[in-house]
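K.L.:
Sharing a structure with you now.
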Amino acid sequence: MNDAGKVLEEMNARSREVFRRVVETYLATGDPVGSRTLTRNMSEKVSAATIRNVMQDLEYLGLLNSPHVSAGRIPTQEGLRMFVDGLLEVGDLNSTDRQMIDATLGSNSDDVGTALDRIGSALSGVTHGASLVLAPKHEAPIKHIEFVGLGHDRALVVLVFADGHVENRIFTPPPGQTPSSMREAANFLNALVEGKTLSGLQSVIAKEIESRRQEIDQLARQLVESGLAIWEGESDNYERLIVRGRSNLLNPETEEEDLERIRTLFDDLERKRDIAEFLELADEGEGVRIFIGSENKLFSLSGSSLVVSPYMNADRKIIGAVGVIGPTRLNYGRIVPIVDYTAQIVGKLIADRS
């Protein structure tokens with residue numbers, strides 16, 4: 001529905017209450033909601049027949065659906081969207097959830113990756129969903145670079161940052177590399193790295209190679225270019241997504257069709273397929289966002305919902321995101337403040353470490 005607010009405005013008070021109670025009951029129980037159940041909770045005394053008529057009207061509008069002929073109603077994806085946009089009441093973060101998240105912060109001696117891993121595990125535990133944490137790119141100045149040969153077609157590039165953080169990646173070096181060319185490539189880079197971040201180094205490296213062509217042989221030049229290239233583009237993104245709590249999406253009552261969708265989701269997360277879709281969510285503004293079912297291409301096949309919030313560094317720049325994946329029958333009112341608070345915690349953690 002393109003204009004949820006307008007549809008809600010045109011509903012009378014009874015229709016809005018029936019719709020709200022159907023969605024809230026479904027989110028709480030996962031079961032279709034019948035008219036007799038609603039008669040016990042309505043603010044005004046109405047008959048089951050009257051409620052059935054209202055539910056039929058809501059079904060005609062595409063907001064409710066009947067899974068079986070004789071069953072009650074459940075909200076459609078469009079209905080859930082309208083409920084989230086117009087009727088959702090977001091509660092405050094309760095003290096127990098806050099304490100579980102705060103307990104993950106640990107000591108300042110932990111590196112950022114370890115801390116984010118722990119926060120992701122806590123987030124999945126608190127929400128009973130699968131958590132996603134998109135770690136920031138490391139932007140501390142580089143202190144040292146080293147190349148290590150692992151075989152004729154494998155090499156390791158190690159980056160040591162000024163804040164003590166260490167990253168290493170395996171890559172395929174150009175043919176013919178020798179220990180001598182690896183030392184020469186590392187020496188060339190280490191003469192340039194002082195005070196530069198990785199992105200800053202990448203921006204000047206091509207110019208330096210061109211202006212100092214006589215100082216570095218072809219093998220070492222190729223090694224420099226291929227070694228730094230693995231930090232660019234998609235390969236970098238693949239390392240940045242931390243996924244925890246996949247098993248929370250499975251339970252003994254999971255139907256075969258839903259099981260297949262969840263397997264598809266697991267496969268996408270394992271392969272980090274379409275990861276750019278998740279990265280884009282971190283660049284589209286502040287605040288918690290809710291994607292239901294097929295609204296987000298990354299999770300459309302699994303029929304899952306995603307609640308996601310970006311987080312910022314000390315300069316108020318968006319550098320990553322945290323989120324929770326679960327069935328469309330999520331307790332959105334509870335999950336939203338949890339994700340929002342976790343994003344604030346991660347942002348503060350990054351700012352403090354920098």
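Identifiers in this document derive from the order of the structure tokens: chains are assigned A, B, ..., residues are numbered from 1 separately in each chain, and ligands are numbered from 1 in order of occurrence.
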Show which residues sit within 12 Å of segment 50-56 of chain A, as a count of residues only. Count only C-alpha atoms, and ignore same-chain residues fewer than 4 positions away.
P.N.:
39
K.L.:
When you look at segment 127-131 of chain A with a cut-off of 12 Å (counting only C-alpha atoms), what residues show up, excluding the ones that are within fewer than 2 positions of it in the same chain? I need them as a VMD selection string.
P.N.:
chain A and resid 93 96 to 98 100 to 101 116 to 125 133 to 134 241 to 251 262 265 to 266 269 304 to 309 321 to 339 342
K.L.:
Would you save the residues of that selection, restricted to C-alpha atoms, as a compact mmCIF listing (two decimals), in the first residue's frame?
P.N.:
# COMPACT_ATOMS: atom_id res chain seq x y z
CA LEU A 93 13.93 -0.87 26.25
CA THR A 96 16.90 -6.88 31.43
CA ASP A 97 17.52 -6.44 27.68
CA ARG A 98 19.65 -3.36 28.36
CA MET A 100 22.36 -8.15 28.53
CA ILE A 101 23.58 -5.82 25.80
CA LEU A 116 31.30 -6.70 17.70
CA ASP A 117 31.18 -10.50 17.57
CA ARG A 118 30.13 -10.58 21.21
CA ILE A 119 27.53 -7.84 20.69
CA GLY A 120 26.09 -9.75 17.71
CA SER A 121 25.76 -12.90 19.81
CA ALA A 122 24.01 -10.98 22.58
CA LEU A 123 21.66 -9.29 20.10
CA SER A 124 20.58 -12.63 18.66
CA GLY A 125 20.13 -14.01 22.16
CA VAL A 133 26.53 -6.55 12.49
CA LEU A 134 28.22 -4.67 9.68
CA LEU A 241 29.38 -8.84 7.96
CA ILE A 242 29.06 -10.76 11.25
CA VAL A 243 26.05 -13.10 11.40
CA ARG A 244 25.04 -14.81 14.63
CA GLY A 245 22.05 -16.85 15.82
CA ARG A 246 20.97 -18.58 12.61
CA SER A 247 19.59 -21.48 14.67
CA ASN A 248 17.06 -19.10 16.26
CA LEU A 249 15.15 -19.08 12.98
CA LEU A 250 14.49 -22.82 13.22
CA ASN A 251 12.07 -24.59 15.55
CA ILE A 262 15.12 -20.34 5.75
CA LEU A 265 18.34 -17.27 3.66
CA PHE A 266 21.18 -19.20 5.32
CA LEU A 269 24.11 -15.15 4.40
CA SER A 304 11.83 -12.78 6.51
CA SER A 305 11.71 -9.36 8.13
CA LEU A 306 14.72 -7.18 8.84
CA VAL A 307 14.92 -4.49 11.53
CA VAL A 308 18.10 -2.47 10.96
CA SER A 309 19.75 0.70 12.22
CA ALA A 321 24.79 -1.05 10.74
CA VAL A 322 23.25 -3.58 13.10
CA GLY A 323 20.09 -5.54 12.49
CA VAL A 324 17.90 -8.48 13.39
CA ILE A 325 16.36 -10.97 10.95
CA GLY A 326 13.34 -13.01 11.92
CA PRO A 327 10.00 -14.21 10.63
CA THR A 328 7.53 -11.53 9.56
CA ARG A 329 5.76 -12.34 12.84
CA LEU A 330 8.29 -10.35 14.87
CA ASN A 331 7.48 -8.43 18.03
CA TYR A 332 8.38 -5.18 16.28
CA GLY A 333 7.47 -2.99 19.26
CA ARG A 334 10.10 -4.77 21.37
CA ILE A 335 12.75 -5.37 18.68
CA VAL A 336 12.94 -1.75 17.45
CA PRO A 337 14.25 -0.22 20.73
CA ILE A 338 16.69 -3.13 21.16
CA VAL A 339 18.20 -2.57 17.70
CA THR A 342 22.53 -1.65 20.17
K.L.:
For the strand (DSSP E or B) assignment from backbone DSSP, which residues of segment 99-190 of chain A qualify? Please present them as an MDAnalysis selection string.
P.N.:
chainID A and resid 130:134 142:151 154:161 166:171
K.L.:
Could you please determine the separation between atom CA of Leu159 of chain A and atom CA of Glu194 of chain A in Å, to one decimal place?
P.N.:
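Pair atom CA of Leu159 of chain A / atom CA of Glu194 of chain A returns 12.4 Å.
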K.L.:
Hey, what's within 12 Å of Asp352 of chain A if we count only C-alpha atoms and toss same-chain stuff fewer than 2 positions away? As an mmCIF file with C-alpha atoms, in the first residue's frame, please?
P.N.:
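Once written, part_24.cif looks like this:
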data_model
loop_
_atom_site.group_PDB
_atom_site.id
_atom_site.type_symbol
_atom_site.label_atom_id
_atom_site.label_comp_id
_atom_site.auth_asym_id
_atom_site.auth_seq_id
_atom_site.Cartn_x
_atom_site.Cartn_y
_atom_site.Cartn_z
ATOM 1 C CA LEU A 105 31.093 -4.396 26.196
ATOM 2 C CA SER A 107 37.231 -4.496 28.552
ATOM 3 C CA ASN A 108 38.947 -1.908 26.379
ATOM 4 C CA ASP A 111 39.804 -5.508 19.600
ATOM 5 C CA VAL A 112 36.784 -4.117 17.763
ATOM 6 C CA MET A 312 27.950 6.487 13.484
ATOM 7 C CA ASN A 313 31.486 7.378 14.482
ATOM 8 C CA ALA A 314 32.552 10.382 16.562
ATOM 9 C CA ASP A 315 32.178 12.632 13.509
ATOM 10 C CA ILE A 345 26.263 1.168 21.856
ATOM 11 C CA VAL A 346 28.277 0.115 18.788
ATOM 12 C CA GLY A 347 28.666 3.735 17.675
ATOM 13 C CA LYS A 348 29.984 4.708 21.120
ATOM 14 C CA LEU A 349 32.314 1.711 21.136
ATOM 15 C CA ILE A 350 33.804 2.715 17.769
ATOM 16 C CA SER A 354 39.203 5.764 17.806
#
K.L.:
In Å, how far is it from atom CA of Leu156 of chain A to atom CA of Gln177 of chain A?
P.N.:
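Distance between the two atoms: 12.5 Å.
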K.L.:
Within segment 39-169 of chain A, find each residue whose DSSP state, derived from the backbone, is helix (DSSP H, G or I), and express the selection as a count of residues only.
P.N.:
48
